[in-house]
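Dumped query_25.txt below, it's compact mmCIF, N, CA and C atoms:
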# COMPACT_ATOMS: atom_id res chain seq x y z
N MET A 1 221.12 149.51 283.89
CA MET A 1 222.23 149.68 284.78
C MET A 1 221.82 150.71 285.83
N ASN A 2 222.07 150.39 287.09
CA ASN A 2 221.81 151.32 288.18
C ASN A 2 223.13 151.72 288.81
N LEU A 3 223.28 153.00 289.07
CA LEU A 3 224.47 153.51 289.74
C LEU A 3 224.14 153.64 291.22
N HIS A 4 224.84 152.90 292.06
CA HIS A 4 224.56 152.89 293.49
C HIS A 4 225.44 153.86 294.26
N SER A 5 226.71 153.94 293.86
CA SER A 5 227.64 154.85 294.54
C SER A 5 228.75 155.23 293.57
N PHE A 6 229.47 156.30 293.92
CA PHE A 6 230.52 156.81 293.05
C PHE A 6 231.54 157.55 293.89
N SER A 7 232.81 157.37 293.56
CA SER A 7 233.88 158.17 294.17
C SER A 7 234.90 158.47 293.09
N VAL A 8 235.61 159.55 293.26
CA VAL A 8 236.58 159.97 292.25
C VAL A 8 237.79 160.58 292.94
N LYS A 9 238.97 160.42 292.30
CA LYS A 9 240.20 160.96 292.86
C LYS A 9 241.03 161.52 291.71
N ASN A 10 241.57 162.72 291.89
CA ASN A 10 242.45 163.36 290.91
C ASN A 10 241.82 163.49 289.53
N PHE A 11 240.64 164.05 289.49
CA PHE A 11 239.96 164.32 288.22
C PHE A 11 239.56 165.79 288.19
N ARG A 12 240.09 166.52 287.22
CA ARG A 12 239.82 167.95 287.07
C ARG A 12 240.07 168.67 288.39
N SER A 13 239.08 169.34 288.97
CA SER A 13 239.30 170.09 290.21
C SER A 13 239.12 169.22 291.46
N ILE A 14 238.76 167.97 291.30
CA ILE A 14 238.49 167.10 292.44
C ILE A 14 239.77 166.33 292.79
N ARG A 15 240.27 166.52 293.99
CA ARG A 15 241.48 165.81 294.43
C ARG A 15 241.12 164.46 295.04
N ASN A 16 240.13 164.46 295.95
CA ASN A 16 239.70 163.22 296.57
C ASN A 16 238.27 163.40 297.05
N MET A 17 237.37 162.63 296.51
CA MET A 17 235.97 162.73 296.90
C MET A 17 235.55 161.38 297.46
N GLU A 18 235.08 161.39 298.68
CA GLU A 18 234.59 160.17 299.31
C GLU A 18 233.37 159.66 298.55
N LYS A 19 232.95 158.48 298.86
CA LYS A 19 231.86 157.85 298.14
C LYS A 19 230.55 158.62 298.30
N ILE A 20 229.88 158.85 297.16
CA ILE A 20 228.53 159.42 297.14
C ILE A 20 227.59 158.25 296.89
N VAL A 21 226.60 158.10 297.75
CA VAL A 21 225.60 157.03 297.58
C VAL A 21 224.37 157.64 296.92
N PHE A 22 223.89 156.99 295.86
CA PHE A 22 222.77 157.50 295.09
C PHE A 22 221.47 156.83 295.50
N SER A 23 220.37 157.56 295.28
CA SER A 23 219.03 157.01 295.46
C SER A 23 218.27 157.24 294.15
N ASN A 24 216.95 157.17 294.18
CA ASN A 24 216.17 157.35 292.96
C ASN A 24 216.27 158.77 292.41
N ILE A 25 216.30 159.76 293.29
CA ILE A 25 216.42 161.17 292.89
C ILE A 25 217.58 161.78 293.66
N ASN A 26 218.46 162.50 292.94
CA ASN A 26 219.64 163.10 293.56
C ASN A 26 219.76 164.54 293.11
N VAL A 27 220.27 165.38 293.99
CA VAL A 27 220.47 166.80 293.69
C VAL A 27 221.87 167.17 294.14
N LEU A 28 222.63 167.81 293.26
CA LEU A 28 223.95 168.34 293.62
C LEU A 28 223.80 169.82 293.95
N ILE A 29 224.14 170.18 295.16
CA ILE A 29 223.99 171.57 295.61
C ILE A 29 225.35 172.05 296.10
N GLY A 30 225.72 173.25 295.71
CA GLY A 30 226.98 173.82 296.18
C GLY A 30 227.23 175.16 295.53
N LYS A 31 228.25 175.84 296.04
CA LYS A 31 228.65 177.13 295.50
C LYS A 31 229.23 176.95 294.10
N ASN A 32 229.38 178.07 293.39
CA ASN A 32 230.03 178.04 292.09
C ASN A 32 231.47 177.56 292.23
N ASN A 33 231.94 176.85 291.24
CA ASN A 33 233.32 176.34 291.19
C ASN A 33 233.66 175.40 292.33
N GLU A 34 232.70 174.63 292.80
CA GLU A 34 232.94 173.65 293.85
C GLU A 34 233.11 172.24 293.30
N GLY A 35 232.84 172.02 292.01
CA GLY A 35 233.06 170.72 291.40
C GLY A 35 231.82 169.92 291.05
N LYS A 36 230.65 170.53 291.08
CA LYS A 36 229.42 169.80 290.75
C LYS A 36 229.45 169.26 289.33
N SER A 37 229.82 170.09 288.39
CA SER A 37 229.90 169.63 286.99
C SER A 37 231.00 168.60 286.80
N ASN A 38 232.07 168.73 287.55
CA ASN A 38 233.16 167.76 287.43
C ASN A 38 232.76 166.39 287.97
N ILE A 39 231.88 166.36 288.97
CA ILE A 39 231.34 165.08 289.43
C ILE A 39 230.56 164.42 288.30
N LEU A 40 229.72 165.20 287.62
CA LEU A 40 228.94 164.66 286.50
C LEU A 40 229.85 164.22 285.36
N ARG A 41 230.89 164.99 285.07
CA ARG A 41 231.84 164.59 284.03
C ARG A 41 232.57 163.30 284.41
N GLY A 42 232.92 163.17 285.67
CA GLY A 42 233.57 161.94 286.14
C GLY A 42 232.68 160.73 285.98
N ILE A 43 231.40 160.88 286.32
CA ILE A 43 230.44 159.80 286.14
C ILE A 43 230.33 159.46 284.66
N ASN A 44 230.29 160.48 283.81
CA ASN A 44 230.21 160.26 282.36
C ASN A 44 231.42 159.47 281.86
N VAL A 45 232.61 159.84 282.28
CA VAL A 45 233.82 159.14 281.85
C VAL A 45 233.78 157.69 282.30
N ALA A 46 233.39 157.46 283.56
CA ALA A 46 233.37 156.09 284.09
C ALA A 46 232.34 155.23 283.37
N LEU A 47 231.12 155.74 283.21
CA LEU A 47 230.08 154.94 282.56
C LEU A 47 230.40 154.69 281.09
N THR A 48 230.96 155.67 280.41
CA THR A 48 231.33 155.49 279.01
C THR A 48 232.41 154.42 278.88
N ALA A 49 233.40 154.43 279.79
CA ALA A 49 234.45 153.41 279.76
C ALA A 49 233.86 152.02 279.98
N LEU A 50 232.91 151.90 280.91
CA LEU A 50 232.27 150.61 281.15
C LEU A 50 231.47 150.13 279.94
N ILE A 51 230.75 151.05 279.32
CA ILE A 51 229.95 150.68 278.14
C ILE A 51 230.87 150.26 276.99
N ARG A 52 231.93 151.03 276.76
CA ARG A 52 232.85 150.68 275.68
C ARG A 52 233.50 149.34 275.94
N HIS A 53 233.87 149.09 277.18
CA HIS A 53 234.51 147.81 277.53
C HIS A 53 233.53 146.65 277.32
N GLY A 54 232.28 146.85 277.71
CA GLY A 54 231.30 145.77 277.63
C GLY A 54 230.79 145.49 276.23
N THR A 55 230.72 146.51 275.38
CA THR A 55 230.14 146.32 274.06
C THR A 55 231.16 146.30 272.93
N LYS A 56 232.38 146.72 273.21
CA LYS A 56 233.43 146.82 272.19
C LYS A 56 233.04 147.79 271.07
N LYS A 57 232.03 148.63 271.33
CA LYS A 57 231.61 149.64 270.37
C LYS A 57 231.86 151.01 270.97
N ARG A 58 231.83 152.01 270.12
CA ARG A 58 231.98 153.38 270.59
C ARG A 58 230.60 154.04 270.63
N PRO A 59 229.98 154.11 271.83
CA PRO A 59 228.67 154.75 271.92
C PRO A 59 228.79 156.26 271.88
N ARG A 60 227.69 156.91 271.61
CA ARG A 60 227.68 158.36 271.72
C ARG A 60 227.93 158.76 273.16
N ASN A 61 228.50 159.94 273.36
CA ASN A 61 228.75 160.43 274.72
C ASN A 61 227.45 160.49 275.50
N LEU A 62 227.52 160.18 276.77
CA LEU A 62 226.33 160.24 277.61
C LEU A 62 225.94 161.68 277.90
N ILE A 63 226.90 162.58 277.94
CA ILE A 63 226.64 164.01 278.09
C ILE A 63 227.11 164.67 276.80
N PRO A 64 226.23 165.33 276.05
CA PRO A 64 226.66 165.94 274.78
C PRO A 64 227.79 166.94 274.99
N ARG A 65 228.72 166.95 274.09
CA ARG A 65 229.88 167.85 274.16
C ARG A 65 229.90 168.75 272.93
N ARG A 66 230.44 169.95 273.11
CA ARG A 66 230.64 170.84 271.97
C ARG A 66 231.84 170.37 271.15
N ASN A 67 231.79 170.56 269.87
CA ASN A 67 232.89 170.27 268.95
C ASN A 67 233.35 168.81 269.01
N ASP A 68 232.45 167.90 269.41
CA ASP A 68 232.75 166.47 269.43
C ASP A 68 234.05 166.17 270.17
N GLU A 69 234.20 166.74 271.37
CA GLU A 69 235.39 166.52 272.19
C GLU A 69 235.49 165.07 272.61
N SER A 70 236.69 164.65 272.90
CA SER A 70 236.90 163.33 273.46
C SER A 70 236.37 163.32 274.90
N ILE A 71 235.99 162.15 275.40
CA ILE A 71 235.47 162.04 276.75
C ILE A 71 236.52 162.48 277.77
N PHE A 72 237.73 161.97 277.65
CA PHE A 72 238.79 162.30 278.60
C PHE A 72 239.94 162.94 277.86
N VAL A 73 240.30 164.14 278.27
CA VAL A 73 241.44 164.85 277.69
C VAL A 73 242.47 164.98 278.80
N TRP A 74 243.61 164.31 278.63
CA TRP A 74 244.61 164.22 279.69
C TRP A 74 245.01 165.58 280.24
N LYS A 75 245.35 166.52 279.39
CA LYS A 75 245.82 167.83 279.86
C LYS A 75 244.73 168.61 280.58
N ARG A 76 243.48 168.41 280.20
CA ARG A 76 242.39 169.15 280.81
C ARG A 76 241.89 168.48 282.09
N ASP A 77 241.82 167.18 282.11
CA ASP A 77 241.14 166.47 283.19
C ASP A 77 242.03 165.99 284.31
N PHE A 78 243.33 165.89 284.10
CA PHE A 78 244.23 165.44 285.16
C PHE A 78 244.82 166.67 285.82
N PRO A 79 244.80 166.77 287.14
CA PRO A 79 245.29 167.97 287.82
C PRO A 79 246.74 168.30 287.47
N ILE A 80 247.01 169.57 287.26
CA ILE A 80 248.35 170.03 286.85
C ILE A 80 249.43 169.62 287.84
N GLU A 81 249.15 169.77 289.13
CA GLU A 81 250.19 169.49 290.13
C GLU A 81 250.52 168.02 290.26
N LYS A 82 249.74 167.12 289.67
CA LYS A 82 250.04 165.69 289.73
C LYS A 82 250.96 165.31 288.61

Output the file's structure as structure tokens, nothing else.
Amino acid sequence: MNLHSFSVKNFRSIRNMEKIVFSNINVLIGKNNEGKSNILRGINVALTALIRHGTKKRPRNLIPRRNDESIFVWKRDFPIEK
């Protein structure tokens, strides 16, 4: 599976992110607390949902989590003001 582009809306600290187009090598650069990790978490949630839908199995998380957290936690990942 190749990821060509990605966009996300209303996920954690990201309200609306226009499409990011990927190439063979990508680097996320930005100040602290700008949402770089949340972009990666969003990609993880999306790819995990696609894999689960396609295989009907529960794969291991694509990004390891502490304490075996769920991929998407509604109270944590959906913005409070929404």

Which neighbours of A:Ile14 fall inside 7 Å, counting all atoms listed in the file, when residues of the same chain fewer than 5 positions from it are skipped, and could you give them as a ChimeraX atom specification? /A:8-9,35,38

Which neighbours of A:Phe22 fall inside 6 Å, counting all atoms listed in the file, when residues of the same chain fewer than 6 positions from it are skipped, and could you give them as a list in words?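 Once the nearby chain positions are removed, what remains is Leu3, His4, Ser5 and Phe6 of chain A.
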
In Å, rounded to a single decimal, give me how far atom CA of A:Arg52 is from atom CA of A:Lys36.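 Straight-line distance from atom CA of A:Lys36 to atom CA of A:Arg52 works out to 24.6 Å.
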
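Atom N of A:Ile43 is positioned 8.0 Å from atom C of A:Ser7.
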
Please indicate the distance in Å from atom CA of A:Asn2 to atom CA of A:Leu47, rounded to one decimal place.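 Atom CA of A:Leu47 lies at a distance of 10.6 Å from atom CA of A:Asn2.
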
Output as AutoDock Vina command-line options the centre and edge lengths (Å, one decimal) of the box along x, y and z of the file that holds every listed atom of stretch 7-26 of chain A after adding 4 Å on each side.
--center_x 229.3 --center_y 163.5 --center_z 293.2 --size_x 34.3 --size_y 21.3 --size_z 20.2
